[in-house]
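Peer 1: So I've got this file, upload_38.txt, and it contains compact mmCIF, C-alpha atoms:
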```txt
# COMPACT_ATOMS: atom_id res chain seq x y z
CA MET A 1 -9.29 11.47 -33.34
CA GLN A 2 -6.29 11.07 -31.11
CA GLN A 3 -5.94 7.93 -28.98
CA THR A 4 -4.09 7.26 -25.74
CA TYR A 5 -3.42 4.33 -23.46
CA ILE A 6 -4.85 4.56 -19.94
CA MET A 7 -4.31 1.96 -17.24
CA LEU A 8 -6.15 1.81 -13.93
CA LYS A 9 -3.57 0.36 -11.56
CA PRO A 10 -4.12 -2.37 -8.94
CA ASP A 11 -5.05 0.10 -6.17
CA ALA A 12 -7.84 1.62 -8.29
CA VAL A 13 -9.24 -1.88 -8.87
CA LYS A 14 -8.84 -3.01 -5.23
CA ARG A 15 -10.40 0.18 -3.85
CA GLY A 16 -13.43 -0.04 -6.12
CA LEU A 17 -12.67 3.24 -7.90
CA MET A 18 -12.90 2.02 -11.50
CA GLY A 19 -16.45 3.29 -11.99
CA LYS A 20 -15.70 6.74 -10.56
CA ILE A 21 -12.56 7.10 -12.68
CA ILE A 22 -14.27 5.87 -15.85
CA SER A 23 -17.13 8.32 -15.20
CA ARG A 24 -14.64 11.19 -15.02
CA ILE A 25 -13.09 10.11 -18.32
CA GLU A 26 -16.49 9.91 -20.01
CA ASP A 27 -17.80 13.08 -18.34
CA LYS A 28 -14.85 14.90 -19.94
CA GLY A 29 -16.16 13.81 -23.34
CA PHE A 30 -13.57 11.14 -24.05
CA LYS A 31 -14.62 7.76 -25.44
CA ILE A 32 -13.33 4.40 -24.26
CA VAL A 33 -12.99 2.41 -27.49
CA ASP A 34 -11.46 -0.76 -25.99
CA ALA A 35 -10.81 -2.09 -22.50
CA LYS A 36 -9.60 -5.25 -20.83
CA MET A 37 -8.60 -6.45 -17.40
CA PHE A 38 -5.37 -8.38 -17.02
CA THR A 39 -2.52 -9.04 -14.62
CA LEU A 40 0.85 -7.62 -15.63
CA THR A 41 3.91 -9.83 -15.92
CA GLN A 42 7.49 -9.03 -14.90
CA ALA A 43 8.46 -8.95 -18.60
CA GLN A 44 5.70 -6.46 -19.47
CA LEU A 45 6.73 -4.21 -16.59
CA GLU A 46 10.40 -4.32 -17.57
CA GLU A 47 9.42 -3.17 -21.06
CA HIS A 48 6.81 -0.64 -19.90
CA TYR A 49 9.02 0.88 -17.21
CA ALA A 50 12.38 0.37 -18.99
CA HIS A 51 13.33 3.95 -18.10
CA LEU A 52 13.02 3.06 -14.39
CA LYS A 53 14.52 -0.45 -14.45
CA ASP A 54 17.84 0.64 -12.89
CA LYS A 55 16.24 2.73 -10.14
CA PRO A 56 16.37 1.42 -6.56
CA PHE A 57 12.57 1.64 -6.26
CA PHE A 58 11.91 -0.53 -9.36
CA PRO A 59 11.32 -3.74 -7.31
CA GLU A 60 8.65 -1.87 -5.33
CA ILE A 61 6.94 -0.86 -8.58
CA VAL A 62 7.00 -4.47 -9.83
CA SER A 63 5.61 -5.77 -6.53
CA TYR A 64 2.80 -3.21 -6.57
CA MET A 65 1.93 -3.51 -10.26
CA THR A 66 1.76 -7.33 -10.09
CA SER A 67 -0.29 -7.32 -6.85
CA GLY A 68 -3.61 -7.53 -8.70
CA PRO A 69 -5.36 -6.94 -12.00
CA VAL A 70 -5.27 -3.69 -13.93
CA LEU A 71 -7.75 -2.24 -16.40
CA GLY A 72 -6.14 -1.20 -19.67
CA MET A 73 -8.10 1.14 -21.93
CA ILE A 74 -7.75 2.82 -25.28
CA VAL A 75 -9.29 6.26 -24.87
CA GLU A 76 -10.10 8.51 -27.81
CA GLY A 77 -10.91 12.17 -28.26
CA ALA A 78 -9.66 15.58 -29.33
CA ASP A 79 -6.37 16.32 -27.53
CA VAL A 80 -6.99 13.23 -25.38
CA ILE A 81 -3.34 12.80 -24.36
CA ALA A 82 -3.02 16.29 -22.87
CA GLY A 83 -6.59 16.16 -21.57
CA MET A 84 -6.07 12.88 -19.76
CA ARG A 85 -2.74 14.03 -18.30
CA LYS A 86 -4.55 17.05 -16.84
CA LEU A 87 -7.47 14.93 -15.61
CA MET A 88 -5.09 12.44 -13.94
CA GLY A 89 -3.12 15.08 -12.02
CA ALA A 90 0.54 15.13 -11.02
CA THR A 91 2.32 11.80 -10.53
CA LYS A 92 3.35 12.76 -7.01
CA TRP A 93 0.07 12.61 -5.15
CA LEU A 94 0.83 15.57 -2.85
CA GLU A 95 1.39 17.75 -5.91
CA ALA A 96 -1.85 16.66 -7.62
CA ASP A 97 -4.53 19.34 -7.61
CA ALA A 98 -7.92 18.75 -6.02
CA GLY A 99 -10.40 17.83 -8.72
CA THR A 100 -7.93 15.53 -10.47
CA ILE A 101 -8.09 11.75 -10.15
CA ARG A 102 -4.84 11.56 -8.16
CA GLY A 103 -5.60 14.71 -6.18
CA ASP A 104 -8.93 13.30 -5.04
CA PHE A 105 -8.16 9.61 -4.63
CA ALA A 106 -4.40 8.80 -4.44
CA CYS A 107 -2.86 7.99 -1.06
CA ASN A 108 0.84 7.84 -2.00
CA THR A 109 3.12 8.32 -4.98
CA THR A 110 3.71 4.64 -5.79
CA GLN A 111 0.04 3.71 -5.60
CA ASN A 112 -1.26 6.60 -7.67
CA LEU A 113 -4.23 4.84 -9.32
CA ILE A 114 -3.72 5.56 -13.01
CA HIS A 115 -1.22 5.61 -15.85
CA GLY A 116 -1.60 7.56 -19.06
CA SER A 117 0.62 7.89 -22.11
CA ASP A 118 2.62 11.12 -22.18
CA ALA A 119 2.94 11.59 -25.97
CA GLU A 120 1.55 10.26 -29.27
CA GLU A 121 4.57 8.02 -29.88
CA THR A 122 4.30 6.59 -26.37
CA ALA A 123 0.54 6.06 -26.78
CA LYS A 124 1.05 4.11 -30.01
CA ALA A 125 3.74 1.93 -28.41
CA GLU A 126 1.66 1.27 -25.29
CA ILE A 127 -1.51 0.47 -27.26
CA LYS A 128 0.51 -1.99 -29.32
CA ARG A 129 2.17 -3.45 -26.20
CA PHE A 130 -1.05 -4.09 -24.32
CA PHE A 131 -3.65 -4.47 -27.09
CA GLY A 132 -1.57 -5.69 -30.04
CA LYS A 133 -3.00 -2.91 -32.23
```
Written as structure tokens, that's how I'd like the structure from this file.

Peer 2:
Amino acid sequence: MQQTYIMLKPDAVKRGLMGKIISRIEDKGFKIVDAKMFTLTQAQLEEHYAHLKDKPFFPEIVSYMTSGPVLGMIVEGADVIAGMRKLMGATKWLEADAGTIRGDFACNTTQNLIHGSDAEETAKAEIKRFFGK
């Protein structure tokens, strides 16, 4: 079975959407095999978003992502990486289709509720980063 890293961001936690989002993941047939709530540090964000560190909007991302706890999950299933990417919807909330998590619940592009690994290599690195596995 393939695994991926999924993170419900601070806005999902603050807005009380964790249950609805988790239900969608499970309704799709994917299994949550580990989960934990934690608050991200500046160092974790600099590693996680290293590809965005030099962008002018990076401080906004750090401010948002450290504004409250997140829920990190290891999700497992057949083709779970592609399946979760489709279930999440486009990163830019206005481009996310209705029926996706972002299409139904996101209110802007920065606060877009959920992160999911984009490839097997990324998933392995993110699971190791946040779960030590």

Peer 1: Select all residues near (-8.2, 16.5, -10.0) (cut-off 10 Å, inclusive, file coordinates), counting only C-alpha atoms, and output them as a ChimeraX atom specification.

Peer 2: /A:24,86-90,96-105

Peer 1: Kindly export the residues of the current selection with C-alpha atoms, as a PDB file, in the frame of the given file.

Peer 2:
```pdb
ATOM      1  CA  ARG A  24     -14.640  11.190 -15.020  1.00  0.00           C
ATOM      2  CA  LYS A  86      -4.550  17.050 -16.840  1.00  0.00           C
ATOM      3  CA  LEU A  87      -7.470  14.930 -15.610  1.00  0.00           C
ATOM      4  CA  MET A  88      -5.090  12.440 -13.940  1.00  0.00           C
ATOM      5  CA  GLY A  89      -3.120  15.080 -12.020  1.00  0.00           C
ATOM      6  CA  ALA A  90       0.540  15.130 -11.020  1.00  0.00           C
ATOM      7  CA  ALA A  96      -1.850  16.660  -7.620  1.00  0.00           C
ATOM      8  CA  ASP A  97      -4.530  19.340  -7.610  1.00  0.00           C
ATOM      9  CA  ALA A  98      -7.920  18.750  -6.020  1.00  0.00           C
ATOM     10  CA  GLY A  99     -10.400  17.830  -8.720  1.00  0.00           C
ATOM     11  CA  THR A 100      -7.930  15.530 -10.470  1.00  0.00           C
ATOM     12  CA  ILE A 101      -8.090  11.750 -10.150  1.00  0.00           C
ATOM     13  CA  ARG A 102      -4.840  11.560  -8.160  1.00  0.00           C
ATOM     14  CA  GLY A 103      -5.600  14.710  -6.180  1.00  0.00           C
ATOM     15  CA  ASP A 104      -8.930  13.300  -5.040  1.00  0.00           C
ATOM     16  CA  PHE A 105      -8.160   9.610  -4.630  1.00  0.00           C
TER      17      PHE A 105
END
```

Peer 1: Go ahead and find all residues with at least one atom no further than 12 Å from (-9.3, -3.9, -7.3) in the file's coordinates, using all atoms listed in the file; report them as a list in words.

Peer 2: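 Those residues, ordered by chain and then number, are Leu8, Lys9, Pro10, Asp11, Ala12, Val13, Lys14, Arg15, Gly16, Leu17, Met18, Gly19, Met37, Phe38, Thr39, Met65, Thr66, Ser67, Gly68, Pro69, Val70, Leu71 and Leu113 of chain A.
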
Peer 1: Which residue, A:Tyr5, A:Phe57, A:Trp93, A:Tyr49, has the smallest gap to A:Val75 when you use all atoms listed in the file?

Peer 2: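 Answer, going by the shortest atom-to-atom distance: A:Tyr5.
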
Peer 1: Would you compute the distance between atom CA of A:Arg129 and atom CA of A:Ile114? Give it in Å to one decimal.

Peer 2: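 Answer for the atom CA of A:Arg129 to atom CA of A:Ile114 separation: 17.0 Å.
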
Peer 1: Can you tell me which residues surround A:Phe130 at a distance of at most 9 Å, considering all atoms listed in the file, apart from same-chain residues fewer than 4 positions away, and format the answer as an MDAnalysis selection string?

Peer 2: chainID A and resid 5 44 72 125:126

Peer 1: Those selected residues, please, written with C-alpha atoms and delivered as a short mmCIF file (atom, residue, chain, number, x, y, z; two decimals), keeping the file's coordinate frame.

Peer 2:
```cif
data_model
loop_
_atom_site.label_atom_id
_atom_site.label_comp_id
_atom_site.auth_asym_id
_atom_site.auth_seq_id
_atom_site.Cartn_x
_atom_site.Cartn_y
_atom_site.Cartn_z
CA TYR A 5 -3.42 4.33 -23.46
CA GLN A 44 5.70 -6.46 -19.47
CA GLY A 72 -6.14 -1.20 -19.67
CA ALA A 125 3.74 1.93 -28.41
CA GLU A 126 1.66 1.27 -25.29
#
```

Peer 1: Measuring atom to atom with only C-alpha atoms, identify which of A:Gly83, A:Lys28, A:Val62, A:Phe131 is nearest to A:Gln111.

Peer 2: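 Nearest to A:Gln111: A:Val62.
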
Peer 1: Between A:Lys55, A:Gln2, A:Ile61, A:Asn108, which residue has the minimum interatomic distance to A:Asp79, considering all atoms listed in the file?

Peer 2: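 For A:Asp79, the nearest of the candidates is A:Gln2.
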
Peer 1: Do you have the atom CA of A:Glu46-atom CA of A:Ser63 distance handy?

Peer 2: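 If I compute the distance from atom CA of A:Glu46 to atom CA of A:Ser63, I get 12.1 Å.
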
Peer 1: Considering all atoms listed in the file, state which residue in the set A:Ile32, A:Ile6, A:Ile74, A:Leu40 is at the smallest distance from A:Gly132.

Peer 2: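 With all atoms listed in the file as the atom set, the closest residue is A:Ile74.
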
Peer 1: Smallest atom-to-atom distance to A:Lys31: which of A:Cys107, A:Met73, A:Ala119, A:Met7, using all atoms listed in the file?

Peer 2: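 Among the listed residues, A:Met73 lies closest to A:Lys31.
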
Peer 1: Quote the spacing between atom CA of A:Pro59 and atom CA of A:Glu95 in Å to one decimal place.

Peer 2: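 Here the two named atoms are 23.7 Å from each other.
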
Peer 1: For A:Asp34, which of A:Asp54, A:Glu76, A:Glu60, A:Glu120 is the closest residue, counting only C-alpha atoms?

Peer 2: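 Distance minimum relative to A:Asp34 lands on A:Glu76.
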